[in-house]
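Asker: One structure, as structure tokens, below. Some questions next.
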Amino acid sequence: MATSSTTFGGARATGRPRPTRTPGQIAGRVATYLLLSLGAVGAAFPFFWMLTTSLKTRNEAVATRPSVFPANPQWGNYVEAWNTAPFGRYFFNTTFIAIMVVLGMLVTTVLAAYAFARLEFSGKNIVFALFLATMMIPFEATLIPNYVTITRLPNPGTLRLMGDFPFLAMAASWYNTYWALIIPWTANVVSIFLLRQFFISMPQELYDAAALDGCGHLRTLWSIMLPLARAPLAATIIFSFLGSWNSLLWPLLVTGKEELRPLQLGLTYFVNAESNDPQLLMAASAFTILPIIVIYFIAQRQFIEGIASSGLKG
Amino acid sequence: MAQVSGQVGSDPTLSGVNPLRTGVSGAATVTRRRAAGRRDNLLAFLFLAPAIVILSVFNFFPLFFSFYISLHNWRIRKVGFVGLANYAEALQKREFWQALGNTVYYVIGTVPITMALALFIAYLLFQKVRFLSFFRTVYFLPYVTSSVAAAAIWTWIFNARSGILNQLLSGTGTQLRWLLEPKGVFAMMADRVGLTMPSFLHGPSLALVAIMAVAIWHLLGFDIVIFLAGLGNINKELYEAARIDGAGEWAIFRRITIPLLAPTISFLTIISTIGAFKAFNEIYVMSLSTGGNSAKAGNPLGSTQTVVVYVYNQFYSSQRLGYGSAVAFLLFAIIFALTVLQLWHGRRREAM
């Protein structure tokens, strides 16, 4: 499109600024790149400072006139930080919780979204309105009742670890269990809404064809809709995973045991305990951030498109 | 694919607007639906059951339960009914109003600045720059970084003794206490020129301002991506037409870009405002590690204690679940009012 219009217009001097730029335009161009680079430096600097501090000796790090780079990179800081707190355990907890949350979210979301998009049932509009209404209840406002609920739900036992927090030790409840960290996050109205929109946007003929071939709803959903829904599914998976990976407030309330701490909570305790060793703190921060950054680089397109589409819905 | 999407899929009014209407694409479907109506009821219930159970237990029920708890003196367990006393106490307490004030500072100090900066950067990025994906990646990196790790890094940057910021400032002879400074920033500025401010004009503490800066850094990439998507949706012919009419860049930005971005701007305003009202992680980590009392966040001197942090403190260090629930319920009322306002505003705009 753009190229064809330029070639046609190019027969006459249309005044298109392409070939020669006025000094003003060049200055504007330079200013644009300058500002963008300045902003990029601002955005990236904390990461740089984290990495360089993480490789310093303690004396270099806390010196009143710190150097930019360490004299000798101290890779051992990473080992030391890793061994100072049970980071292996934290990583396991966070990964396990995030994967379970994503799996649970997928089950509830896909089924509910399909029901809202494709099934006729009584009370559909009311139920859907109630679902949407839950978006108006911020989780922060329901922390305390949810905590009380958790301490009262009977413990299924299999994943239970006993609490050792003196005033909160309530055995036989969900307190201090993986259940408390996983189950409340396995239903997500935003995801349901996103996927419902997708199922609705699929052509009716696709559903009719499936019905003619004798597919029931479950079969249609599983073998026809889900393979097509890769993009919206990827977006919901990413947001659910990120949300779980980065959560802090809820784990802070419902875990009193080090063995159950997810990564962010572990890092928070580490920040408090090791505030005199900034080089270890920065090393720990670095390896905490790393997995998410790797995932981000692999799935960058889904990240950006997922966020962009959520914005256009609004 | 192109063939099947011919009828319903290509009609934008049918796809995605009304779930009930899309089913009506042929008489055959309708009869099949009617015949299978009863079976759909059961199936729909089964499909919805998992989501309904989770949402009821952890989203709906707690809203009512929260109100119930807030009417009681509730320590580790229920002690006694007190009616609305917890609400009365909150509304009379200086600490509550300070927390609300801090939250308002936080919202006003982060939302407009983040959006203005993001719009500016997105607009620059949209001018067909090279390395677009590089810039976008860099600006987006803070957003994917966990707020705890981000707070840890920034706490170190703000460190009063050997943090890099004070090093950079050392040439000017100024050294600031950053996260340890409970004094309001306007009061500090007034001190500089030898004035004294009345206490209600002291402004947010330097510690809170530092935390706000981190929040802006953290959320900027999200807003940029949304703005880039919004800019991409504006018809390019409008720009061309304006240029032919001799409009300057600023006029184009003011008269075309901004009005056409209005839906994006209002979407971002509401979700950022609600997000800022609920902010916790950064504030918690950055205010915890700077205070003496490690069980309580919102240091120094409660000057970074926002409402959510206040609720947390009531729960965690005071174990006052009833009072904490009352405060949380007030927070819910504020956020709810904001959401309704936004919905009403959005509907009015649609009607226009």
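Residues in the structure tokens are numbered from 1 in each chain, the chains being A, B, ... in the order shown, and ligands are numbered from 1 in the order shown.
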Using only C-alpha atoms, find each residue of segment 82-171 of chain A with at least one atom at most 12 Å away from an atom of segment 211-231 of chain A; report its shortest atom-to-atom pair and that distance in Å (one decimal), sort the rows by chain and rising residue number, and return the result as JSON lines.

Answerer:
```
{"residue": "A:Leu106", "atom": "CA", "partner": "A:Leu226", "partner_atom": "CA", "distance": 10.8}
{"residue": "A:Val107", "atom": "CA", "partner": "A:Trp222", "partner_atom": "CA", "distance": 11.3}
{"residue": "A:Thr109", "atom": "CA", "partner": "A:Leu226", "partner_atom": "CA", "distance": 11.8}
{"residue": "A:Val110", "atom": "CA", "partner": "A:Leu226", "partner_atom": "CA", "distance": 8.4}
{"residue": "A:Leu111", "atom": "CA", "partner": "A:Leu221", "partner_atom": "CA", "distance": 8.4}
{"residue": "A:Ala112", "atom": "CA", "partner": "A:Leu221", "partner_atom": "CA", "distance": 11.3}
{"residue": "A:Ala113", "atom": "CA", "partner": "A:Leu221", "partner_atom": "CA", "distance": 10.3}
{"residue": "A:Tyr114", "atom": "CA", "partner": "A:Leu221", "partner_atom": "CA", "distance": 7.4}
{"residue": "A:Ala115", "atom": "CA", "partner": "A:His217", "partner_atom": "CA", "distance": 9.3}
{"residue": "A:Ala117", "atom": "CA", "partner": "A:Leu221", "partner_atom": "CA", "distance": 11.1}
{"residue": "A:Arg118", "atom": "CA", "partner": "A:His217", "partner_atom": "CA", "distance": 8.7}
{"residue": "A:Leu119", "atom": "CA", "partner": "A:His217", "partner_atom": "CA", "distance": 8.6}
{"residue": "A:Glu120", "atom": "CA", "partner": "A:His217", "partner_atom": "CA", "distance": 11.8}
```

Asker: With only C-alpha atoms as the counted atoms, please give the residues lying no more than 6 Å from segment 79-94 of chain A, apart from itself and same-chain residues fewer than 6 positions off, as a list of chain:residue names.

Answerer: A:Arg261, A:Pro262, A:Leu263, A:Leu280, A:Ala284

Asker: One number please: atom CA of Glu282 of chain B to atom CA of Ala213 of chain B, in Å, one decimal.

Answerer: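 Straight-line distance from atom CA of Glu282 of chain B to atom CA of Ala213 of chain B works out to 10.7 Å.
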
Asker: For Met50 of chain A, which residue among B:Leu119, B:Ala152, B:Leu91, B:Val57 is the nearest when counting only C-alpha atoms?

Answerer: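 Smallest distance to Met50 of chain A is found for B:Ala152.
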
Asker: Can you list, as a PyMOL selection string, every residue of segment 37-133 of chain B that DSSP puts in strand (DSSP E or B)?

Answerer: chain B and resi 72-74+78-81
